[in-house]
Amino acid sequence: MNIANKISTFRILSVPFFIACLVYYNPERSYLRFVALGIFILGVISDAADGYLARKAKLQSKAGLILDPLGDKMLLMSAFICLYIIDKLPLQFPLWVILIVISRDVIILIGAAVIYIVKQNIEILPTRWGKLTTTFQMTAVISVLIALPFSFIFWWLAVIFTVFSGIDYIRRGFAILYAVDTHRNNR
């Protein structure tokens with residue numbers, strides 16, 4: 001296992017600790033929110049580090065193609081869900097934000113499954129919209145953990161980019177499926 005994959009694995013393994021800090025948080029143990037923030041920021045840094053190392057040191061691998069996005073999704077989804085359901089926190093996401101963020105990932109996952117079934121292969125490559133979405137989602141989580149009074153600006157940006165990237169992934173998915181169907185019909 002190369003260093004980039006180890007960093008992605010670290011991010012995955014940090015998720016239960018992040019969740020535990022938020023679950024056990026209460027105003028008397030306010031430090032747990034900041035520990036959760038620290039774990040989340042380490043996850044954000046590790047996301048940047050493993051991608052950079054994989055590209056620069058040519059450490060890209062099949063395992064990395066799964067571990068990196070899995071680590072991102074686990075960290076982000078657990079953060080969005082916890083920051084909605086745990087009502088002891090000073091600030092929470094509204095339900096509509098959670099529904100949009102999770103719906104996009106579910107749609108992408110279903111689309112990837114359909115493409116894999118049809119093509120018997122799938123290449124998962126992040127897009128510019130996807131990377132911007134991840135950045136704005138991470139920023140929104142950090143702003144809510146810090147309890148910034150204007151966090152709504154960050155979650156609105158995260159939602160806007162989530163919707164745009166979702167539309168882009170759907171468009172790309174249909175293009176892949178259409179290309180497969182056209183190829184089969186030309187035989």
# chains A, B, ... in the order shown; residues from 1 in each chain; ligands from 1

$ residues_around --residues "Ile153 in chain A" --least-positions-apart "6" --cutoff "10 Å" --atoms "only C-alpha atoms" --output "list in words"
Ala140, Ser143 and Val159 of chain A

$ closest_atom_pairs --of "range 150-180 of chain A" --to "range 116-135 of chain A" --cutoff "10 Å" --atoms "only C-alpha atoms" --output "tab-separated table"
residue	atom	partner	partner_atom	distance
A:Leu157	CA	A:Thr133	CA	8.6
A:Ala158	CA	A:Thr133	CA	6.1
A:Val159	CA	A:Thr133	CA	8.2
A:Ile160	CA	A:Thr133	CA	8.4
A:Phe161	CA	A:Thr133	CA	5.0
A:Thr162	CA	A:Thr133	CA	5.4
A:Val163	CA	A:Thr133	CA	8.8
A:Phe164	CA	A:Trp129	CA	7.1
A:Ser165	CA	A:Trp129	CA	4.9
A:Gly166	CA	A:Gly130	CA	8.2
A:Ile167	CA	A:Trp129	CA	9.7
A:Asp168	CA	A:Trp129	CA	7.5
A:Tyr169	CA	A:Thr127	CA	8.3
A:Ile176	CA	A:Lys119	CA	9.1
A:Leu177	CA	A:Val118	CA	7.6
A:Val180	CA	A:Lys119	CA	7.2

$ residues_around --residues "range 51-61 of chain A" --least-positions-apart "6" --cutoff "9 Å" --atoms "only C-alpha atoms" --output "list in words"
Asn2, Ile3, Ala4, Asn5 and Asp68 of chain A

$ residues_around --residues "Ser14 in chain A" --least-positions-apart "5" --cutoff "10 Å" --atoms "only C-alpha atoms" --output "number ranges by chain"
A: 8-9, 19, 36, 39-40, 42-43, 71, 74-75

$ select_by_dssp --residues "range 40-141 of chain A" --states "helix (DSSP H, G or I)" --output "mmCIF file with N, CA and C atoms, in the first residue's frame"
data_model
loop_
_atom_site.group_PDB
_atom_site.id
_atom_site.type_symbol
_atom_site.label_atom_id
_atom_site.label_comp_id
_atom_site.auth_asym_id
_atom_site.auth_seq_id
_atom_site.Cartn_x
_atom_site.Cartn_y
_atom_site.Cartn_z
ATOM 1 N N PHE A 40 -11.833 16.969 11.466
ATOM 2 C CA PHE A 40 -12.344 17.276 10.133
ATOM 3 C C PHE A 40 -11.297 18.016 9.305
ATOM 4 N N ILE A 41 -10.642 18.987 9.903
ATOM 5 C CA ILE A 41 -9.605 19.740 9.176
ATOM 6 C C ILE A 41 -8.448 18.818 8.787
ATOM 7 N N LEU A 42 -8.080 17.888 9.665
ATOM 8 C CA LEU A 42 -7.054 16.890 9.299
ATOM 9 C C LEU A 42 -7.525 16.064 8.102
ATOM 10 N N GLY A 43 -8.822 15.733 8.082
ATOM 11 C CA GLY A 43 -9.383 15.013 6.943
ATOM 12 C C GLY A 43 -9.294 15.821 5.666
ATOM 13 N N VAL A 44 -9.571 17.123 5.761
ATOM 14 C CA VAL A 44 -9.481 18.014 4.598
ATOM 15 C C VAL A 44 -8.032 18.081 4.101
ATOM 16 N N ILE A 45 -7.108 18.237 5.024
ATOM 17 C CA ILE A 45 -5.688 18.303 4.665
ATOM 18 C C ILE A 45 -5.237 16.977 4.051
ATOM 19 N N SER A 46 -5.695 15.866 4.636
ATOM 20 C CA SER A 46 -5.299 14.554 4.108
ATOM 21 C C SER A 46 -5.861 14.335 2.704
ATOM 22 N N ASP A 47 -7.048 14.899 2.420
ATOM 23 C CA ASP A 47 -7.623 14.791 1.086
ATOM 24 C C ASP A 47 -6.731 15.493 0.069
ATOM 25 N N ALA A 48 -6.285 16.680 0.418
ATOM 26 C CA ALA A 48 -5.391 17.417 -0.478
ATOM 27 C C ALA A 48 -4.041 16.701 -0.605
ATOM 28 N N ALA A 49 -3.531 16.192 0.518
ATOM 29 C CA ALA A 49 -2.209 15.553 0.518
ATOM 30 C C ALA A 49 -2.190 14.266 -0.295
ATOM 31 N N ASP A 50 -3.203 13.421 -0.134
ATOM 32 C CA ASP A 50 -3.147 12.150 -0.863
ATOM 33 C C ASP A 50 -3.303 12.367 -2.372
ATOM 34 N N GLY A 51 -4.127 13.332 -2.754
ATOM 35 C CA GLY A 51 -4.267 13.639 -4.184
ATOM 36 C C GLY A 51 -2.984 14.196 -4.765
ATOM 37 N N TYR A 52 -2.364 15.099 -4.037
ATOM 38 C CA TYR A 52 -1.110 15.703 -4.493
ATOM 39 C C TYR A 52 -0.023 14.629 -4.636
ATOM 40 N N LEU A 53 0.118 13.804 -3.599
ATOM 41 C CA LEU A 53 1.151 12.756 -3.639
ATOM 42 C C LEU A 53 0.892 11.752 -4.757
ATOM 43 N N ALA A 54 -0.356 11.378 -4.939
ATOM 44 C CA ALA A 54 -0.677 10.397 -5.985
ATOM 45 C C ALA A 54 -0.307 10.928 -7.364
ATOM 46 N N ARG A 55 -0.564 12.222 -7.591
ATOM 47 C CA ARG A 55 -0.244 12.806 -8.903
ATOM 48 C C ARG A 55 1.252 13.048 -9.065
ATOM 49 N N LYS A 56 1.864 13.701 -8.090
ATOM 50 C CA LYS A 56 3.270 14.108 -8.223
ATOM 51 C C LYS A 56 4.236 12.926 -8.179
ATOM 52 N N LYS A 62 -5.468 1.479 -8.391
ATOM 53 C CA LYS A 62 -6.882 1.121 -8.383
ATOM 54 C C LYS A 62 -7.460 1.274 -6.977
ATOM 55 N N ALA A 63 -6.683 0.909 -5.981
ATOM 56 C CA ALA A 63 -7.139 1.061 -4.595
ATOM 57 C C ALA A 63 -7.367 2.537 -4.270
ATOM 58 N N GLY A 64 -6.482 3.391 -4.744
ATOM 59 C CA GLY A 64 -6.615 4.826 -4.503
ATOM 60 C C GLY A 64 -7.845 5.418 -5.163
ATOM 61 N N LEU A 65 -8.220 4.870 -6.327
ATOM 62 C CA LEU A 65 -9.420 5.348 -7.014
ATOM 63 C C LEU A 65 -10.677 5.059 -6.206
ATOM 64 N N ILE A 66 -10.604 4.081 -5.309
ATOM 65 C CA ILE A 66 -11.742 3.755 -4.438
ATOM 66 C C ILE A 66 -11.568 4.425 -3.076
ATOM 67 N N LEU A 67 -10.384 4.308 -2.486
ATOM 68 C CA LEU A 67 -10.162 4.807 -1.119
ATOM 69 C C LEU A 67 -10.330 6.319 -0.997
ATOM 70 N N ASP A 68 -9.812 7.074 -1.956
ATOM 71 C CA ASP A 68 -9.880 8.539 -1.865
ATOM 72 C C ASP A 68 -11.318 9.051 -1.870
ATOM 73 N N PRO A 69 -12.130 8.714 -2.880
ATOM 74 C CA PRO A 69 -13.512 9.213 -2.842
ATOM 75 C C PRO A 69 -14.329 8.607 -1.701
ATOM 76 N N LEU A 70 -14.013 7.362 -1.319
ATOM 77 C CA LEU A 70 -14.715 6.748 -0.188
ATOM 78 C C LEU A 70 -14.439 7.528 1.096
ATOM 79 N N GLY A 71 -13.179 7.895 1.303
ATOM 80 C CA GLY A 71 -12.818 8.691 2.477
ATOM 81 C C GLY A 71 -13.513 10.038 2.476
ATOM 82 N N ASP A 72 -13.550 10.692 1.313
ATOM 83 C CA ASP A 72 -14.235 11.984 1.206
ATOM 84 C C ASP A 72 -15.713 11.848 1.548
ATOM 85 N N LYS A 73 -16.366 10.860 0.928
ATOM 86 C CA LYS A 73 -17.807 10.696 1.128
ATOM 87 C C LYS A 73 -18.133 10.326 2.565
ATOM 88 N N MET A 74 -17.332 9.439 3.155
ATOM 89 C CA MET A 74 -17.595 9.056 4.548
ATOM 90 C C MET A 74 -17.469 10.255 5.478
ATOM 91 N N LEU A 75 -16.411 11.036 5.295
ATOM 92 C CA LEU A 75 -16.191 12.193 6.154
ATOM 93 C C LEU A 75 -17.276 13.244 5.943
ATOM 94 N N LEU A 76 -17.557 13.570 4.688
ATOM 95 C CA LEU A 76 -18.550 14.610 4.409
ATOM 96 C C LEU A 76 -19.968 14.181 4.782
ATOM 97 N N MET A 77 -20.360 12.974 4.422
ATOM 98 C CA MET A 77 -21.727 12.539 4.730
ATOM 99 C C MET A 77 -21.945 12.442 6.237
ATOM 100 N N SER A 78 -20.961 11.910 6.960
ATOM 101 C CA SER A 78 -21.111 11.831 8.415
ATOM 102 C C SER A 78 -21.180 13.229 9.013
ATOM 103 N N ALA A 79 -20.412 14.160 8.471
ATOM 104 C CA ALA A 79 -20.440 15.535 8.982
ATOM 105 C C ALA A 79 -21.801 16.175 8.727
ATOM 106 N N PHE A 80 -22.294 16.076 7.498
ATOM 107 C CA PHE A 80 -23.586 16.690 7.195
ATOM 108 C C PHE A 80 -24.702 16.072 8.028
ATOM 109 N N ILE A 81 -24.723 14.752 8.140
ATOM 110 C CA ILE A 81 -25.779 14.096 8.910
ATOM 111 C C ILE A 81 -25.680 14.458 10.389
ATOM 112 N N CYS A 82 -24.483 14.372 10.968
ATOM 113 C CA CYS A 82 -24.314 14.706 12.394
ATOM 114 C C CYS A 82 -24.661 16.168 12.667
ATOM 115 N N LEU A 83 -24.265 17.044 11.757
ATOM 116 C CA LEU A 83 -24.530 18.473 11.969
ATOM 117 C C LEU A 83 -25.978 18.843 11.678
ATOM 118 N N TYR A 84 -26.781 17.862 11.331
ATOM 119 C CA TYR A 84 -28.226 18.067 11.240
ATOM 120 C C TYR A 84 -28.937 17.424 12.440
ATOM 121 N N ILE A 85 -28.584 16.176 12.765
ATOM 122 C CA ILE A 85 -29.374 15.447 13.777
ATOM 123 C C ILE A 85 -28.982 15.764 15.220
ATOM 124 N N LEU A 95 -32.583 20.732 7.121
ATOM 125 C CA LEU A 95 -32.848 19.451 6.470
ATOM 126 C C LEU A 95 -32.691 19.520 4.950
ATOM 127 N N TRP A 96 -33.142 20.600 4.334
ATOM 128 C CA TRP A 96 -33.083 20.688 2.874
ATOM 129 C C TRP A 96 -31.647 20.627 2.353
ATOM 130 N N VAL A 97 -30.701 21.141 3.115
ATOM 131 C CA VAL A 97 -29.289 21.077 2.710
ATOM 132 C C VAL A 97 -28.832 19.617 2.700
ATOM 133 N N ILE A 98 -29.176 18.907 3.755
ATOM 134 C CA ILE A 98 -28.784 17.495 3.876
ATOM 135 C C ILE A 98 -29.391 16.686 2.731
ATOM 136 N N LEU A 99 -30.668 16.918 2.450
ATOM 137 C CA LEU A 99 -31.351 16.169 1.393
ATOM 138 C C LEU A 99 -30.704 16.399 0.030
ATOM 139 N N ILE A 100 -30.323 17.626 -0.265
ATOM 140 C CA ILE A 100 -29.688 17.926 -1.555
ATOM 141 C C ILE A 100 -28.314 17.267 -1.646
ATOM 142 N N VAL A 101 -27.518 17.406 -0.602
ATOM 143 C CA VAL A 101 -26.158 16.852 -0.616
ATOM 144 C C VAL A 101 -26.201 15.328 -0.738
ATOM 145 N N ILE A 102 -27.029 14.684 0.050
ATOM 146 C CA ILE A 102 -27.096 13.219 0.031
ATOM 147 C C ILE A 102 -27.730 12.729 -1.277
ATOM 148 N N SER A 103 -28.767 13.420 -1.760
ATOM 149 C CA SER A 103 -29.434 13.000 -3.004
ATOM 150 C C SER A 103 -28.461 12.982 -4.172
ATOM 151 N N ARG A 104 -27.618 13.989 -4.265
ATOM 152 C CA ARG A 104 -26.640 14.032 -5.359
ATOM 153 C C ARG A 104 -25.749 12.802 -5.327
ATOM 154 N N ASP A 105 -25.237 12.458 -4.136
ATOM 155 C CA ASP A 105 -24.335 11.313 -4.047
ATOM 156 C C ASP A 105 -25.055 9.994 -4.319
ATOM 157 N N VAL A 106 -26.304 9.889 -3.889
ATOM 158 C CA VAL A 106 -27.080 8.679 -4.172
ATOM 159 C C VAL A 106 -27.316 8.555 -5.676
ATOM 160 N N ILE A 107 -27.672 9.659 -6.322
ATOM 161 C CA ILE A 107 -27.891 9.643 -7.773
ATOM 162 C C ILE A 107 -26.610 9.260 -8.503
ATOM 163 N N ILE A 108 -25.477 9.811 -8.084
ATOM 164 C CA ILE A 108 -24.193 9.473 -8.716
ATOM 165 C C ILE A 108 -23.878 7.993 -8.516
ATOM 166 N N LEU A 109 -24.120 7.485 -7.314
ATOM 167 C CA LEU A 109 -23.850 6.076 -7.027
ATOM 168 C C LEU A 109 -24.736 5.157 -7.867
ATOM 169 N N ILE A 110 -26.014 5.466 -7.969
ATOM 170 C CA ILE A 110 -26.929 4.667 -8.797
ATOM 171 C C ILE A 110 -26.510 4.747 -10.267
ATOM 172 N N GLY A 111 -26.176 5.956 -10.719
ATOM 173 C CA GLY A 111 -25.723 6.122 -12.107
ATOM 174 C C GLY A 111 -24.469 5.330 -12.389
ATOM 175 N N ALA A 112 -23.528 5.342 -11.458
ATOM 176 C CA ALA A 112 -22.292 4.572 -11.639
ATOM 177 C C ALA A 112 -22.597 3.079 -11.702
ATOM 178 N N ALA A 113 -23.525 2.622 -10.881
ATOM 179 C CA ALA A 113 -23.910 1.206 -10.905
ATOM 180 C C ALA A 113 -24.532 0.840 -12.249
ATOM 181 N N VAL A 114 -25.405 1.702 -12.761
ATOM 182 C CA VAL A 114 -26.036 1.444 -14.063
ATOM 183 C C VAL A 114 -24.973 1.403 -15.162
ATOM 184 N N ILE A 115 -24.061 2.364 -15.150
ATOM 185 C CA ILE A 115 -22.998 2.385 -16.162
ATOM 186 C C ILE A 115 -22.145 1.128 -16.062
ATOM 187 N N TYR A 116 -21.822 0.720 -14.834
ATOM 188 C CA TYR A 116 -21.017 -0.491 -14.656
ATOM 189 C C TYR A 116 -21.751 -1.718 -15.180
ATOM 190 N N ILE A 117 -23.047 -1.810 -14.909
ATOM 191 C CA ILE A 117 -23.835 -2.954 -15.387
ATOM 192 C C ILE A 117 -23.866 -2.971 -16.914
ATOM 193 N N VAL A 118 -24.052 -1.816 -17.521
ATOM 194 C CA VAL A 118 -24.150 -1.745 -18.980
ATOM 195 C C VAL A 118 -22.783 -1.951 -19.643
ATOM 196 N N LYS A 119 -21.750 -1.309 -19.118
ATOM 197 C CA LYS A 119 -20.425 -1.360 -19.764
ATOM 198 C C LYS A 119 -19.530 -2.471 -19.236
ATOM 199 N N ARG A 128 -14.083 18.995 -12.458
ATOM 200 C CA ARG A 128 -13.846 20.308 -11.842
ATOM 201 C C ARG A 128 -15.024 20.682 -10.944
ATOM 202 N N TRP A 129 -16.265 20.449 -11.432
ATOM 203 C CA TRP A 129 -17.448 20.746 -10.624
ATOM 204 C C TRP A 129 -17.459 19.909 -9.349
ATOM 205 N N GLY A 130 -17.061 18.656 -9.466
ATOM 206 C CA GLY A 130 -17.022 17.776 -8.295
ATOM 207 C C GLY A 130 -16.020 18.244 -7.259
ATOM 208 N N LYS A 131 -14.855 18.686 -7.741
ATOM 209 C CA LYS A 131 -13.830 19.180 -6.806
ATOM 210 C C LYS A 131 -14.280 20.475 -6.131
ATOM 211 N N LEU A 132 -14.902 21.368 -6.894
ATOM 212 C CA LEU A 132 -15.424 22.607 -6.298
ATOM 213 C C LEU A 132 -16.522 22.302 -5.287
ATOM 214 N N THR A 133 -17.355 21.330 -5.614
ATOM 215 C CA THR A 133 -18.420 20.934 -4.687
ATOM 216 C C THR A 133 -17.827 20.438 -3.380
ATOM 217 N N THR A 134 -16.842 19.552 -3.471
ATOM 218 C CA THR A 134 -16.196 19.033 -2.268
ATOM 219 C C THR A 134 -15.599 20.177 -1.448
ATOM 220 N N THR A 135 -14.952 21.122 -2.104
ATOM 221 C CA THR A 135 -14.349 22.262 -1.409
ATOM 222 C C THR A 135 -15.416 23.079 -0.677
ATOM 223 N N PHE A 136 -16.518 23.397 -1.354
ATOM 224 C CA PHE A 136 -17.560 24.196 -0.719
ATOM 225 C C PHE A 136 -18.297 23.414 0.361
ATOM 226 N N GLN A 137 -18.458 22.106 0.180
ATOM 227 C CA GLN A 137 -19.083 21.305 1.237
ATOM 228 C C GLN A 137 -18.191 21.271 2.475
ATOM 229 N N MET A 138 -16.894 21.118 2.273
ATOM 230 C CA MET A 138 -15.962 21.111 3.411
ATOM 231 C C MET A 138 -15.969 22.461 4.117
ATOM 232 N N THR A 139 -16.011 23.533 3.350
ATOM 233 C CA THR A 139 -16.064 24.883 3.935
ATOM 234 C C THR A 139 -17.348 25.076 4.726
ATOM 235 N N ALA A 140 -18.461 24.572 4.209
ATOM 236 C CA ALA A 140 -19.743 24.692 4.911
ATOM 237 C C ALA A 140 -19.696 23.942 6.238
ATOM 238 N N VAL A 141 -19.130 22.747 6.246
ATOM 239 C CA VAL A 141 -19.024 21.970 7.486
ATOM 240 C C VAL A 141 -18.169 22.715 8.502
#

$ closest_residue --among "A:Ser151, A:Gly173, A:Leu37, A:Arg29" --to "Phe93 in chain A" --atoms "only C-alpha atoms"
A:Ser151
